[in-house]
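Please read the structure below before turning to the comments.
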2 protein chains.
Amino acid sequence: MSASPIAATPEPPYYAVIFTNARTDGERGYGAMAEKMVQLAAQQPGFLGVESVRGADGAGITVSYWDSELAITKWKQHAEHQVAQRLGREIWYADFALRVAKVERASRLVNAQGATA
Amino acid sequence: MSASPIAATPEPPYYAVIFTNARTDGERGYGAMAEKMVQLAAQQPGFLGVESVRGADGAGITVSYWDSELAITKWKQHAEHQVAQRLGREIWYADFALRVAKVERASRLVNAQGATA
């Protein structure tokens, strides 16, 4: 296994942005922009963490966590992120859904012996 | 691309269960149980859809959608699902986080020309 895919979020409540997507064919600069956006998001006020997985078939789910709806709105409006969003709609994504949700409770597997917190 | 990875959910509000995990090494019956649980979940009252992606490094995100917190609680308590949960904690998962969230708003890319709904 590589590093844990799980974001170290605080106790709820907080917000999640669930971004499920299908990539178009071809790289076309996607990987570099995706990495840049994760780094930029992590610098924004209210950012709590991000989890991201892409499958071999091109399907991906990225969940970012934020301390408020205002933080999500401000990140959506960030100038560099706006450019990435436009390119995403026009070039990189064949399909996507974006859902904003309020996390109400959370649990975590603490170890491999079956304990949960 | 394969079939769309995106669940056809209704207008918000509804609930999401965000299950982020890291697999242990080895198959050990995981794939068959995962498929069985998706099929069984889809038969439960209040189930709205599921999205699931696993990366080459063993990290996975599965988001299931439900019409109420009660539906989530009942699915958690389902006898066959309880068996799967126990095996998950003991055998299949090196780490996981499970978050229950209320989806408040959603948008969708309608086509590859940049329109969103």
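Ordered as shown in the structure tokens, chains take letters A, B, and onward, while each chain numbers its residues from 1 and ligands are numbered from 1 in the order shown.
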
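Those residues that approach segment 93-95 of chain A to within 9 Å, counting only C-alpha atoms, are A:Thr20, A:Asn21, A:Ala22, A:Arg23, A:Thr24, A:Asp25, A:Leu87, A:Gly88, A:Arg89, A:Glu90, A:Ile91, A:Ala97, B:Met1, B:Ser4, B:Pro5, B:Ile6, B:Arg108, B:Leu109, B:Val110, B:Asn111, B:Ala112; same-chain residues fewer than 2 positions away are not listed.
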
Save the residues we just selected, N, CA and C atoms, as a CSV table (one decimal), in the first residue's frame?
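Resulting contents of part_3.csv:
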```csv
chain,number,residue,atom,x,y,z
A,20,THR,N,-17.5,13.4,-8.9
A,20,THR,CA,-17.4,12.2,-9.6
A,20,THR,C,-17.4,12.5,-11.1
A,21,ASN,N,-16.4,11.8,-11.8
A,21,ASN,CA,-16.2,12.2,-13.2
A,21,ASN,C,-15.7,11.1,-14.0
A,22,ALA,N,-15.9,11.3,-15.3
A,22,ALA,CA,-15.4,10.4,-16.4
A,22,ALA,C,-14.5,11.3,-17.2
A,23,ARG,N,-13.2,10.8,-17.4
A,23,ARG,CA,-12.3,11.6,-18.3
A,23,ARG,C,-12.5,11.3,-19.7
A,24,THR,N,-12.2,12.3,-20.6
A,24,THR,CA,-12.1,12.1,-22.0
A,24,THR,C,-10.9,11.3,-22.3
A,25,ASP,N,-10.7,10.8,-23.5
A,25,ASP,CA,-9.5,10.1,-23.8
A,25,ASP,C,-8.3,11.1,-24.0
A,87,LEU,N,-11.6,24.5,-18.5
A,87,LEU,CA,-10.9,23.5,-19.3
A,87,LEU,C,-11.4,22.1,-19.0
A,88,GLY,N,-11.8,21.9,-17.8
A,88,GLY,CA,-12.4,20.6,-17.4
A,88,GLY,C,-13.7,20.4,-18.2
A,89,ARG,N,-14.5,21.4,-18.2
A,89,ARG,CA,-15.8,21.2,-18.9
A,89,ARG,C,-15.6,21.1,-20.4
A,90,GLU,N,-14.6,21.8,-21.0
A,90,GLU,CA,-14.4,21.8,-22.4
A,90,GLU,C,-13.5,20.7,-23.0
A,91,ILE,N,-12.6,20.2,-22.1
A,91,ILE,CA,-11.6,19.3,-22.7
A,91,ILE,C,-11.5,18.0,-21.9
A,97,ALA,N,-20.4,14.9,-12.1
A,97,ALA,CA,-21.4,15.4,-11.1
A,97,ALA,C,-20.7,15.9,-9.9
B,1,MET,N,-14.3,5.0,-23.0
B,1,MET,CA,-14.9,5.0,-21.7
B,1,MET,C,-15.9,3.9,-21.5
B,4,SER,N,-21.2,5.3,-17.7
B,4,SER,CA,-21.0,6.5,-16.8
B,4,SER,C,-20.8,6.0,-15.3
B,5,PRO,N,-19.9,6.6,-14.7
B,5,PRO,CA,-19.7,6.3,-13.2
B,5,PRO,C,-20.6,7.0,-12.3
B,6,ILE,N,-21.5,7.8,-12.9
B,6,ILE,CA,-22.3,8.8,-12.1
B,6,ILE,C,-23.7,8.3,-11.8
B,108,ARG,N,-24.4,19.0,-12.7
B,108,ARG,CA,-24.0,17.9,-13.6
B,108,ARG,C,-23.5,18.5,-14.9
B,109,LEU,N,-22.4,18.0,-15.4
B,109,LEU,CA,-22.1,18.3,-16.8
B,109,LEU,C,-23.0,17.6,-17.8
B,110,VAL,N,-23.7,18.3,-18.6
B,110,VAL,CA,-24.7,17.7,-19.4
B,110,VAL,C,-24.1,17.1,-20.7
B,111,ASN,N,-23.1,17.8,-21.3
B,111,ASN,CA,-22.5,17.3,-22.5
B,111,ASN,C,-21.0,17.8,-22.5
B,112,ALA,N,-20.3,17.5,-23.5
B,112,ALA,CA,-18.9,17.9,-23.6
B,112,ALA,C,-18.7,19.3,-24.1
```

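Omitting segment 47-54 of chain A and its sequence neighbours fewer than 6 positions away, and counting only C-alpha atoms, the residues within 9 Å are Pro5, Ile6, Ala7, Ala8, Thr9, Pro10, Tyr14, Val38, Ala41, Gly60, Ile61, Thr62, Val63, Ser64, Tyr65, Trp66, Asp67, Ser68, Ala71 and Ile72 of chain A; Thr20, Val53, Arg54, Gly55, Ala56, Ala59, Gly60 and Ile61 of chain B.
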
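Using only C-alpha atoms, the smallest distance between any of B:Val83, B:Gln44, B:Gln39, B:Val103 and Leu70 of chain B comes from B:Gln44.
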
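With only C-alpha atoms as the atoms that count, the residue of A:Ala42, A:Ala32, A:Met37, A:Ala16 with the shortest distance to chain B is A:Ala16.
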
Just list as an MDAnalysis selection string whatever in chain A DSSP marks as strand (DSSP E). chainID A and resid 14:23 47:54 59:66 93:108

Pick out each residue of chain B that DSSP on the backbone tags as alpha helix (DSSP H); I need them as a PDB file with C-alpha atoms, in the first residue's frame.
```
ATOM      1  CA  TYR B  30     -13.232  -9.289  -1.665  1.00  0.00           C
ATOM      2  CA  GLY B  31     -14.413  -8.740  -5.233  1.00  0.00           C
ATOM      3  CA  ALA B  32     -17.273 -11.205  -5.023  1.00  0.00           C
ATOM      4  CA  MET B  33     -18.476  -9.766  -1.704  1.00  0.00           C
ATOM      5  CA  ALA B  34     -18.194  -6.182  -2.945  1.00  0.00           C
ATOM      6  CA  GLU B  35     -20.294  -7.008  -5.980  1.00  0.00           C
ATOM      7  CA  LYS B  36     -22.847  -8.859  -3.839  1.00  0.00           C
ATOM      8  CA  MET B  37     -23.125  -5.909  -1.432  1.00  0.00           C
ATOM      9  CA  VAL B  38     -23.720  -3.427  -4.275  1.00  0.00           C
ATOM     10  CA  GLN B  39     -26.496  -5.662  -5.613  1.00  0.00           C
ATOM     11  CA  LEU B  40     -28.007  -6.096  -2.154  1.00  0.00           C
ATOM     12  CA  ALA B  41     -27.784  -2.365  -1.349  1.00  0.00           C
ATOM     13  CA  ALA B  42     -29.617  -1.575  -4.566  1.00  0.00           C
ATOM     14  CA  GLU B  69     -30.804   8.643   7.488  1.00  0.00           C
ATOM     15  CA  LEU B  70     -33.173   5.844   8.453  1.00  0.00           C
ATOM     16  CA  ALA B  71     -32.455   4.043   5.177  1.00  0.00           C
ATOM     17  CA  ILE B  72     -28.709   4.270   5.926  1.00  0.00           C
ATOM     18  CA  THR B  73     -29.192   2.924   9.446  1.00  0.00           C
ATOM     19  CA  LYS B  74     -31.301   0.019   8.224  1.00  0.00           C
ATOM     20  CA  TRP B  75     -28.741  -0.904   5.565  1.00  0.00           C
ATOM     21  CA  LYS B  76     -25.970  -0.771   8.147  1.00  0.00           C
ATOM     22  CA  GLN B  77     -27.975  -3.194  10.302  1.00  0.00           C
ATOM     23  CA  ALA B  79     -27.710  -9.093   8.495  1.00  0.00           C
ATOM     24  CA  GLU B  80     -25.721  -9.953   5.362  1.00  0.00           C
ATOM     25  CA  HIS B  81     -24.184  -6.483   5.340  1.00  0.00           C
ATOM     26  CA  GLN B  82     -23.146  -6.944   8.981  1.00  0.00           C
ATOM     27  CA  VAL B  83     -21.199 -10.045   7.975  1.00  0.00           C
ATOM     28  CA  ALA B  84     -19.491  -8.107   5.174  1.00  0.00           C
ATOM     29  CA  GLN B  85     -18.670  -5.229   7.530  1.00  0.00           C
ATOM     30  CA  ARG B  86     -17.026  -7.596  10.000  1.00  0.00           C
ATOM     31  CA  LEU B  87     -14.935  -9.272   7.287  1.00  0.00           C
TER      32      LEU B  87
END
```

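Picture a line from atom CA of Ala106 of chain A to atom CA of His78 of chain B; it runs 19.4 Å.
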